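Peer 1: So here's work.txt (compact mmCIF, C-alpha atoms).
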# COMPACT_ATOMS: atom_id res chain seq x y z
CA MET F 19 -42.05 5.83 -23.16
CA ILE F 20 -39.12 4.39 -21.24
CA HIS F 21 -36.19 3.18 -23.32
CA PRO F 22 -34.05 0.72 -21.32
CA LEU F 23 -30.46 0.36 -22.44
CA CYS F 24 -29.84 -2.80 -20.45
CA CYS F 25 -30.09 -5.10 -23.46
CA THR F 26 -27.39 -3.45 -25.56
CA THR F 27 -25.18 -1.39 -23.27
CA LEU F 28 -25.48 -2.69 -19.73
CA ASP F 29 -24.30 -6.09 -18.57
CA ARG F 30 -25.84 -8.27 -15.88
CA THR F 31 -23.92 -6.60 -13.04
CA MET F 32 -25.23 -3.23 -14.10
CA THR F 33 -28.77 -4.51 -14.34
CA GLU F 34 -28.54 -5.77 -10.77
CA ARG F 35 -26.65 -2.82 -9.26
CA ALA F 36 -27.54 0.17 -11.41
CA SER F 37 -29.58 0.89 -14.50
CA LEU F 38 -29.90 3.57 -17.15
CA THR F 39 -33.23 4.43 -18.75
CA ILE F 40 -34.36 7.27 -21.00
CA ALA F 41 -37.89 8.64 -21.02
CA ASP F 42 -39.22 11.85 -22.54
CA GLY F 43 -35.77 13.34 -23.04
CA CYS F 44 -34.59 12.62 -19.49
CA ALA F 45 -32.01 9.95 -18.70
CA THR F 46 -32.19 8.32 -15.27
CA ILE F 47 -29.41 6.41 -13.55
CA LEU F 48 -30.87 4.36 -10.71
CA LEU F 49 -28.76 2.76 -8.00
CA ARG F 50 -30.45 -0.58 -7.39
CA ARG F 51 -29.13 -1.76 -4.05
CA GLY F 52 -32.03 -0.51 -2.01
CA GLU F 53 -31.81 -3.30 0.58
CA SER F 54 -28.40 -1.88 1.56
CA ARG F 55 -29.45 1.76 1.25
CA ASN F 56 -27.55 1.86 -2.06
CA ALA F 57 -24.20 1.74 -0.28
CA LEU F 58 -21.33 1.70 -2.76
CA ASP F 59 -19.55 -1.64 -2.90
CA CYS F 60 -17.14 -2.65 -5.67
CA ASP F 61 -19.81 -3.95 -8.06
CA THR F 62 -22.05 -0.93 -7.56
CA ILE F 63 -19.24 1.52 -8.29
CA VAL F 64 -18.36 -0.36 -11.48
CA ALA F 65 -22.02 -0.47 -12.53
CA LEU F 66 -22.49 3.21 -11.78
CA ARG F 67 -19.46 4.17 -13.86
CA ARG F 68 -20.63 2.09 -16.80
CA CYS F 69 -24.06 3.69 -16.61
CA ILE F 70 -22.46 7.13 -16.63
CA ASP F 71 -20.36 6.18 -19.65
CA ALA F 72 -23.43 4.83 -21.43
CA ALA F 73 -25.29 8.04 -20.63
CA ALA F 74 -22.40 10.07 -22.08
CA VAL F 75 -22.69 8.13 -25.34
CA GLU F 76 -26.43 8.80 -25.48
CA CYS F 77 -26.08 12.48 -24.59
CA ASN F 78 -23.26 13.16 -27.03
CA GLY F 79 -24.65 11.02 -29.82
CA LYS F 80 -28.18 12.38 -29.61
CA ARG F 81 -27.63 16.03 -28.73
CA GLY F 82 -31.03 17.58 -28.19
CA VAL F 83 -32.78 14.24 -27.58
CA VAL F 84 -31.44 13.61 -24.07
CA ARG F 85 -31.86 16.95 -22.29
CA SER F 86 -31.13 16.11 -18.63
CA LEU F 87 -30.10 13.28 -16.33
CA VAL F 88 -31.49 12.30 -12.93
CA LEU F 89 -29.36 10.32 -10.48
CA ALA F 90 -31.53 8.41 -8.01
CA GLY F 91 -31.48 5.49 -5.60
CA GLU F 92 -34.18 2.89 -5.16
CA GLY F 93 -35.79 2.33 -1.79
CA LYS F 94 -35.58 4.50 1.29
CA SER F 95 -32.15 6.07 0.74
CA PHE F 96 -30.31 7.83 -2.06
CA CYS F 97 -26.88 6.46 -1.09
CA ALA F 98 -25.52 5.63 2.36
CA GLY F 99 -21.89 6.01 1.28
CA MET F 100 -19.11 3.46 0.83
CA ASP F 101 -19.69 -0.18 1.81
CA LEU F 102 -16.26 -1.22 3.05
CA LYS F 103 -17.23 -4.19 5.18
CA GLY F 104 -16.24 -6.79 2.62
CA VAL F 105 -12.88 -5.18 1.81
CA LEU F 106 -11.92 -3.63 5.14
CA HIS F 107 -8.68 -5.58 5.51
CA ASP F 108 -7.81 -5.49 1.80
CA ALA F 109 -5.95 -2.25 1.12
CA VAL F 110 -5.72 -2.88 -2.62
CA ARG F 111 -9.46 -3.32 -3.08
CA MET F 112 -10.26 -0.37 -0.82
CA GLY F 113 -7.96 1.78 -2.90
CA ASP F 114 -9.54 0.54 -6.12
CA MET F 115 -13.00 1.44 -4.79
CA LEU F 116 -11.90 4.96 -3.89
CA ARG F 117 -10.21 5.44 -7.26
CA GLY F 118 -13.31 4.09 -8.99
CA LEU F 119 -15.59 6.47 -7.12
CA SER F 120 -13.35 9.45 -7.82
CA SER F 121 -13.30 8.56 -11.51
CA ALA F 122 -17.09 8.14 -11.55
CA LEU F 123 -17.60 11.55 -9.95
CA LEU F 124 -15.41 13.16 -12.61
CA ALA F 125 -17.28 11.35 -15.40
CA LEU F 126 -20.63 12.42 -13.96
CA ARG F 127 -19.52 16.03 -13.87
CA ARG F 128 -18.38 15.85 -17.51
CA LEU F 129 -21.80 14.89 -18.86
CA PRO F 130 -22.93 17.58 -21.32
CA VAL F 131 -26.49 17.73 -19.98
CA PRO F 132 -27.67 19.17 -16.64
CA THR F 133 -27.72 16.56 -13.88
CA ILE F 134 -30.15 16.35 -10.96
CA ALA F 135 -29.69 14.30 -7.79
CA ARG F 136 -32.95 13.04 -6.29
CA VAL F 137 -31.93 12.73 -2.64
CA GLN F 138 -34.23 10.80 -0.35
CA GLY F 139 -33.48 9.30 3.05
CA ALA F 140 -29.70 9.44 3.32
CA ALA F 141 -26.78 10.83 1.33
CA ILE F 142 -23.70 10.15 3.44
CA GLY F 143 -20.00 10.46 2.63
CA GLY F 144 -19.51 9.25 -0.93
CA GLY F 145 -23.27 9.34 -1.38
CA CYS F 146 -23.27 13.01 -0.50
CA GLY F 147 -20.42 13.39 -2.97
CA LEU F 148 -22.66 12.00 -5.70
CA ALA F 149 -25.29 14.59 -4.79
CA VAL F 150 -22.99 17.61 -4.81
CA VAL F 151 -21.25 16.71 -8.05
CA CYS F 152 -24.61 16.99 -9.82
CA ASP F 153 -25.64 20.41 -11.11
CA PHE F 154 -28.79 20.32 -8.99
CA ALA F 155 -29.77 18.34 -5.89
CA ILE F 156 -33.25 18.17 -4.40
CA THR F 157 -34.06 16.63 -1.03
CA HIS F 158 -36.65 16.69 1.77
CA PRO F 159 -36.53 17.84 5.41
CA GLU F 160 -36.25 14.35 6.94
CA ALA F 161 -33.20 13.39 4.85
CA LYS F 162 -29.76 13.05 6.42
CA LEU F 163 -26.80 14.39 4.49
CA GLY F 164 -23.19 15.04 5.32
CA TYR F 165 -19.63 13.90 5.65
CA PRO F 166 -18.91 11.95 8.87
CA GLU F 167 -15.61 10.58 7.56
CA VAL F 168 -13.34 12.28 10.11
CA ASP F 169 -15.51 10.82 12.88
CA LEU F 170 -14.38 7.41 11.62
CA GLY F 171 -10.72 8.25 11.15
CA VAL F 172 -11.19 8.53 7.38
CA CYS F 173 -10.10 11.40 5.10
CA PRO F 174 -12.89 12.74 2.84
CA ALA F 175 -10.42 13.70 0.10
CA VAL F 176 -12.41 12.14 -2.76
CA VAL F 177 -15.45 14.32 -2.09
CA ALA F 178 -13.64 17.43 -0.85
CA PRO F 179 -12.94 19.05 -4.25
CA TRP F 180 -16.57 18.76 -5.23
CA LEU F 181 -17.83 20.20 -1.96
CA VAL F 182 -15.45 23.16 -2.29
CA ARG F 183 -16.83 23.80 -5.77
CA ARG F 184 -20.39 23.57 -4.46
CA ILE F 185 -20.29 25.74 -1.34
CA GLY F 186 -16.88 27.42 -1.34
CA ALA F 187 -13.60 26.73 0.43
CA GLY F 188 -14.39 28.23 3.84
CA PRO F 189 -17.79 26.57 4.36
CA ALA F 190 -16.45 23.27 2.98
CA ARG F 191 -13.52 23.38 5.42
CA ALA F 192 -15.90 23.84 8.35
CA MET F 193 -18.22 21.08 7.17
CA LEU F 194 -15.54 18.47 6.49
CA LEU F 195 -13.51 19.10 9.65
CA ALA F 196 -16.60 19.07 11.88
CA GLY F 197 -17.94 15.84 10.40
CA GLY F 198 -21.43 14.66 11.26
CA THR F 199 -24.65 14.92 9.28
CA MET F 200 -27.53 17.36 8.93
CA GLY F 201 -31.17 17.40 7.89
CA GLY F 202 -32.50 18.46 4.52
CA GLU F 203 -33.44 21.99 5.53
CA GLU F 204 -29.99 22.72 6.94
CA ALA F 205 -28.40 21.16 3.88
CA ALA F 206 -30.34 23.57 1.69
CA ALA F 207 -29.50 26.54 3.90
CA ARG F 208 -25.78 25.69 3.73
CA GLY F 209 -25.83 25.20 -0.03
CA LEU F 210 -25.28 21.45 0.00
CA VAL F 211 -28.46 20.94 -2.03
CA THR F 212 -30.40 23.19 -4.36
CA ARG F 213 -33.85 22.77 -2.85
CA CYS F 214 -35.60 21.13 0.08
CA VAL F 215 -39.24 20.20 -0.48
CA PRO F 216 -41.76 18.00 1.37
CA ALA F 217 -41.01 14.32 0.79
CA ALA F 218 -44.34 13.85 -0.94
CA ASP F 219 -43.36 16.48 -3.51
CA LEU F 220 -39.86 15.19 -4.24
CA ASP F 221 -40.66 13.31 -7.45
CA ALA F 222 -42.82 16.11 -8.79
CA GLU F 223 -40.14 18.70 -8.05
CA VAL F 224 -37.47 16.66 -9.81
CA ALA F 225 -39.75 16.11 -12.82
CA ALA F 226 -40.62 19.80 -12.98
CA LEU F 227 -36.96 20.79 -12.96
CA ALA F 228 -36.12 18.24 -15.64
CA GLY F 229 -38.98 19.61 -17.72
CA ARG F 230 -37.79 23.17 -17.22
CA LEU F 231 -34.26 22.26 -18.30
CA ALA F 232 -35.62 20.60 -21.44
CA THR F 233 -36.84 23.99 -22.67
CA GLY F 234 -33.30 25.35 -22.86
CA GLY F 235 -31.11 25.10 -25.92
CA ALA F 236 -29.18 21.82 -25.92
CA GLU F 237 -26.02 23.33 -27.40
CA ALA F 238 -26.23 26.37 -25.14
CA LEU F 239 -26.56 24.20 -22.03
CA ALA F 240 -23.68 21.93 -23.07
CA CYS F 241 -21.39 24.89 -23.81
CA THR F 242 -22.35 26.60 -20.55
CA LYS F 243 -21.63 23.44 -18.55
CA ARG F 244 -18.28 23.01 -20.25
CA MET F 245 -17.33 26.63 -19.55
CA LEU F 246 -18.40 26.39 -15.89
CA ASN F 247 -16.43 23.16 -15.48
CA GLU F 248 -13.34 24.83 -16.88
CA LEU F 249 -13.78 27.89 -14.67
CA ASP F 250 -14.00 25.95 -11.41
CA GLY F 251 -11.44 23.28 -12.24
CA SER F 252 -13.93 20.43 -12.40
CA LEU F 253 -12.07 18.78 -15.28
CA ASP F 254 -8.75 18.55 -13.43
CA GLU F 255 -7.97 14.83 -13.49
CA LYS F 256 -4.89 15.19 -11.31
CA ILE F 257 -6.87 16.64 -8.40
CA ALA F 258 -9.33 13.74 -8.60
CA ALA F 259 -6.54 11.15 -8.82
CA ASP F 260 -4.50 12.66 -5.99
CA ALA F 261 -7.61 12.86 -3.79
CA ALA F 262 -8.28 9.14 -4.29
CA GLU F 263 -4.70 8.24 -3.40
CA LEU F 264 -4.83 10.32 -0.22
CA SER F 265 -8.11 8.73 0.86
CA ALA F 266 -6.72 5.28 0.10
CA ARG F 267 -3.57 5.91 2.14
CA VAL F 268 -5.45 7.17 5.18
CA ILE F 269 -8.13 4.48 5.16
CA ALA F 270 -5.46 1.77 5.08
CA GLY F 271 -3.76 3.19 8.17
CA PRO F 272 -4.15 1.93 11.74
CA GLU F 273 -6.43 4.72 12.95
CA ALA F 274 -9.05 4.23 10.24
CA GLN F 275 -8.74 0.45 10.36
CA ALA F 276 -9.37 0.35 14.11
CA SER F 277 -12.32 2.72 13.86
CA LEU F 278 -13.93 0.92 10.94
CA THR F 279 -13.35 -2.47 12.54
CA ARG F 280 -15.30 -1.29 15.58
CA LEU F 281 -18.00 0.11 13.30
CA TYR F 282 -18.44 -3.14 11.43
CA ALA F 283 -17.84 -5.28 14.54
CA LEU F 284 -15.12 -7.20 12.75
CA LYS F 285 -12.08 -8.84 14.28
CA PRO F 286 -8.71 -7.63 12.96
CA GLN F 287 -7.21 -10.05 10.47
CA GLY F 288 -3.44 -9.88 10.76
CA GLY F 289 -3.30 -6.23 11.75
CA PRO F 290 -3.90 -3.07 9.74
CA ALA F 291 -4.14 -3.25 5.97
CA ALA F 292 -0.98 -2.48 4.05
CA ASN F 293 -0.58 1.06 2.77
CA PRO F 294 -1.51 0.99 -0.95
CA ALA F 295 0.44 4.18 -1.62
CA ARG F 296 3.77 2.63 -0.70
Would you mind giving the structure from this file in structure tokens?
Peer 2:
Amino acid sequence: MIHPLCCTTLDRTMTERASLTIADGCATILLRRGESRNALDCDTIVALRRCIDAAAVECNGKRGVVRSLVLAGEGKSFCAGMDLKGVLHDAVRMGDMLRGLSSALLALRRLPVPTIARVQGAAIGGGCGLAVVCDFAITHPEAKLGYPEVDLGVCPAVVAPWLVRRIGAGPARAMLLAGGTMGGEEAAARGLVTRCVPAADLDAEVAALAGRLATGGAEALACTKRMLNELDGSLDEKIAADAAELSARVIAGPEAQASLTRLYALKPQGGPAANPAR
């Protein structure tokens, strides 16, 4: 049975942009902007964070009832990254979005239950960050994953700490500096995701993993996650905050503004956005 929390915990924005449901001991956060490949605009980031917070309440308040969490996106793509078109020339709002995403990634990592990213279609930039911050990520060969930020004059600071924790400093350095994207099989080979399975088997593989995790001891899993987070520095709020400020400063600069303006085919409005870090 599916237990929707929309009526008591989630407001209208969350219902439209993201939702949290619980079924058979597994919580699912679903990004619900499928028509835009679940790109992260301001409202979606807020809705995502509130869903994560609601999931934390459920997981902590009902230890042993909620045993895992799946992060998914409706439609053809998991998450195509940040949607900056509407805020491109507004440095304050861009900075708020980056800070909101960084905070959401930290909150997702702190959940006491194992988390699984169901990655279909595309997981780009911040979307790839959502995948790697989860404990497990499962994708398919045709998917496109990666960090093309430097190609656009943008600094991937918000996602960098999580990628380093996932694949190590050296491989993360090579991946972030090179930019670009890769297919699902390469992503699995390079450690970006846990498994790569045929697209037709993606749902079954995610369900099987969630079922397997449910057989573990709830307290043992929570304590193990907490220990692992402490060992790799996942709970360091300063790193997450500093990363967001760096990304915000770079994206407000002339190089990123010019590149993103070309990408979105927008005309400059009064020159580059002001630097939010000043």
Peer 1: Between F:Asp221, F:Asp59, F:Glu203, F:Asp153, which residue has the minimum interatomic distance to Arg111 in chain F, considering all atoms listed in the file?
Peer 2: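 Smallest distance to Arg111 in chain F is found for F:Asp59.
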Peer 1: Extract, using all atoms listed in the file, all DNA, RNA and protein residues at most 12 Å from Gly229 in chain F, discarding same-chain residues fewer than 5 positions from it, and format them as number ranges by chain.
Peer 2: F: 41-45, 84-88, 132, 134, 222-224, 234
Peer 1: Check the smallest atom-to-atom distance from each of F:Val172, F:Ala125, F:Leu194, F:Ala232 to Gln275 in chain F using only C-alpha atoms, then report the winner.
Peer 2: F:Val172
Peer 1: Taking all atoms listed in the file into account, name the residue in F:Cys60, F:Ile269, F:Val105, F:Cys152 that is nearest to Leu119 in chain F.
Peer 2: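 Of F:Cys60, F:Ile269, F:Val105, F:Cys152, the one nearest Leu119 in chain F is F:Cys60, counting all atoms listed in the file.
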Peer 1: Which residues are near range 89-93 of chain F? Cut-off 8 Å, only C-alpha atoms, ignore same chain within fewer than 3 positions. Put them as number ranges by chain.
Peer 2: F: 46-53, 55-56, 96-97, 133-138
Peer 1: So what do you get for CA of Cys214 in chain F versus CA of Gly147 in chain F, distance-wise?
Peer 2: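 Separation between CA of Cys214 in chain F and CA of Gly147 in chain F: 17.3 Å.
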Peer 1: Can you tell me which residues surround Lys256 in chain F at a distance of at most 12 Å, considering all atoms listed in the file, apart from same-chain residues fewer than 4 positions away, and format the answer as a ChimeraX atom specification?
Peer 2: /F:117,120-121,124,176,179,251-252,260-263
Peer 1: Any idea what's packed within 9 Å of Gly164 in chain F, counting all atoms listed in the file, ignoring anything in its chain fewer than 2 positions away? Could you give it as a VMD selection string?
Peer 2: chain F and resid 140 to 143 145 to 147 162 166 193 to 194 197 to 201 205 210
Peer 1: I need the residues from that last selection saved to file as a compact mmCIF listing (two decimals), in the coordinates of the input (with C-alpha atoms), if you can.
Peer 2:
# COMPACT_ATOMS: atom_id res chain seq x y z
CA ALA F 140 -29.70 9.44 3.32
CA ALA F 141 -26.78 10.83 1.33
CA ILE F 142 -23.70 10.15 3.44
CA GLY F 143 -20.00 10.46 2.63
CA GLY F 145 -23.27 9.34 -1.38
CA CYS F 146 -23.27 13.01 -0.50
CA GLY F 147 -20.42 13.39 -2.97
CA LYS F 162 -29.76 13.05 6.42
CA PRO F 166 -18.91 11.95 8.87
CA MET F 193 -18.22 21.08 7.17
CA LEU F 194 -15.54 18.47 6.49
CA GLY F 197 -17.94 15.84 10.40
CA GLY F 198 -21.43 14.66 11.26
CA THR F 199 -24.65 14.92 9.28
CA MET F 200 -27.53 17.36 8.93
CA GLY F 201 -31.17 17.40 7.89
CA ALA F 205 -28.40 21.16 3.88
CA LEU F 210 -25.28 21.45 0.00
Peer 1: At a cut-off of 12 Å from (-14.2, 10.3, 13.9) in the coordinates of the file, what residues are picked up using all atoms listed in the file, written as a list in words?
Peer 2: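 The residues that fall inside the cut-off are Tyr165, Pro166, Glu167, Val168, Asp169, Leu170, Gly171, Val172, Cys173, Pro174, Leu194, Leu195, Ala196, Gly197, Gly198, Glu273, Ala274, Gln275, Ala276, Ser277, Leu278, Arg280 and Leu281 of chain F.
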Peer 1: Write a file of the selected residues as a PDB file, in the coordinates of the input, keeping C-alpha atoms.
Peer 2:
ATOM      1  CA  TYR F 165     -19.630  13.900   5.650  1.00  0.00           C
ATOM      2  CA  PRO F 166     -18.910  11.950   8.870  1.00  0.00           C
ATOM      3  CA  GLU F 167     -15.610  10.580   7.560  1.00  0.00           C
ATOM      4  CA  VAL F 168     -13.340  12.280  10.110  1.00  0.00           C
ATOM      5  CA  ASP F 169     -15.510  10.820  12.880  1.00  0.00           C
ATOM      6  CA  LEU F 170     -14.380   7.410  11.620  1.00  0.00           C
ATOM      7  CA  GLY F 171     -10.720   8.250  11.150  1.00  0.00           C
ATOM      8  CA  VAL F 172     -11.190   8.530   7.380  1.00  0.00           C
ATOM      9  CA  CYS F 173     -10.100  11.400   5.100  1.00  0.00           C
ATOM     10  CA  PRO F 174     -12.890  12.740   2.840  1.00  0.00           C
ATOM     11  CA  LEU F 194     -15.540  18.470   6.490  1.00  0.00           C
ATOM     12  CA  LEU F 195     -13.510  19.100   9.650  1.00  0.00           C
ATOM     13  CA  ALA F 196     -16.600  19.070  11.880  1.00  0.00           C
ATOM     14  CA  GLY F 197     -17.940  15.840  10.400  1.00  0.00           C
ATOM     15  CA  GLY F 198     -21.430  14.660  11.260  1.00  0.00           C
ATOM     16  CA  GLU F 273      -6.430   4.720  12.950  1.00  0.00           C
ATOM     17  CA  ALA F 274      -9.050   4.230  10.240  1.00  0.00           C
ATOM     18  CA  GLN F 275      -8.740   0.450  10.360  1.00  0.00           C
ATOM     19  CA  ALA F 276      -9.370   0.350  14.110  1.00  0.00           C
ATOM     20  CA  SER F 277     -12.320   2.720  13.860  1.00  0.00           C
ATOM     21  CA  LEU F 278     -13.930   0.920  10.940  1.00  0.00           C
ATOM     22  CA  ARG F 280     -15.300  -1.290  15.580  1.00  0.00           C
ATOM     23  CA  LEU F 281     -18.000   0.110  13.300  1.00  0.00           C
TER      24      LEU F 281
END
Peer 1: To one decimal place in Å, what is the distance between CA of Thr242 in chain F and CA of Ala74 in chain F?
Peer 2: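 Atom-to-atom, CA of Thr242 in chain F and CA of Ala74 in chain F are spaced 16.6 Å apart.
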Peer 1: Using only C-alpha atoms, can you tell me which of F:Arg191, F:His158, F:Lys94, F:Arg35 comes closest to Ala217 in chain F?
Peer 2: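 Ranking F:Arg191, F:His158, F:Lys94, F:Arg35 by distance to Ala217 in chain F, first place goes to F:His158.
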Peer 1: Would you list the contacts of Tyr282 in chain F as a PyMOL selection string, taking every protein, DNA or RNA residue within 10 Å and counting all atoms listed in the file, but skipping same-chain residues closer than 5 positions in sequence?
Peer 2: chain F and resi 102-104+106+277
Peer 1: Measure the distance from CA of Gly118 in chain F to CA of Arg213 in chain F in Å and round it to one decimal.
Peer 2: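 Pair CA of Gly118 in chain F / CA of Arg213 in chain F returns 28.4 Å.
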Peer 1: Between F:Ala72, F:Leu249, F:Ala226, F:Val211, which residue has the minimum interatomic distance to Leu148 in chain F, considering only C-alpha atoms?
Peer 2: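 Answer, going by the shortest atom-to-atom distance: F:Val211.
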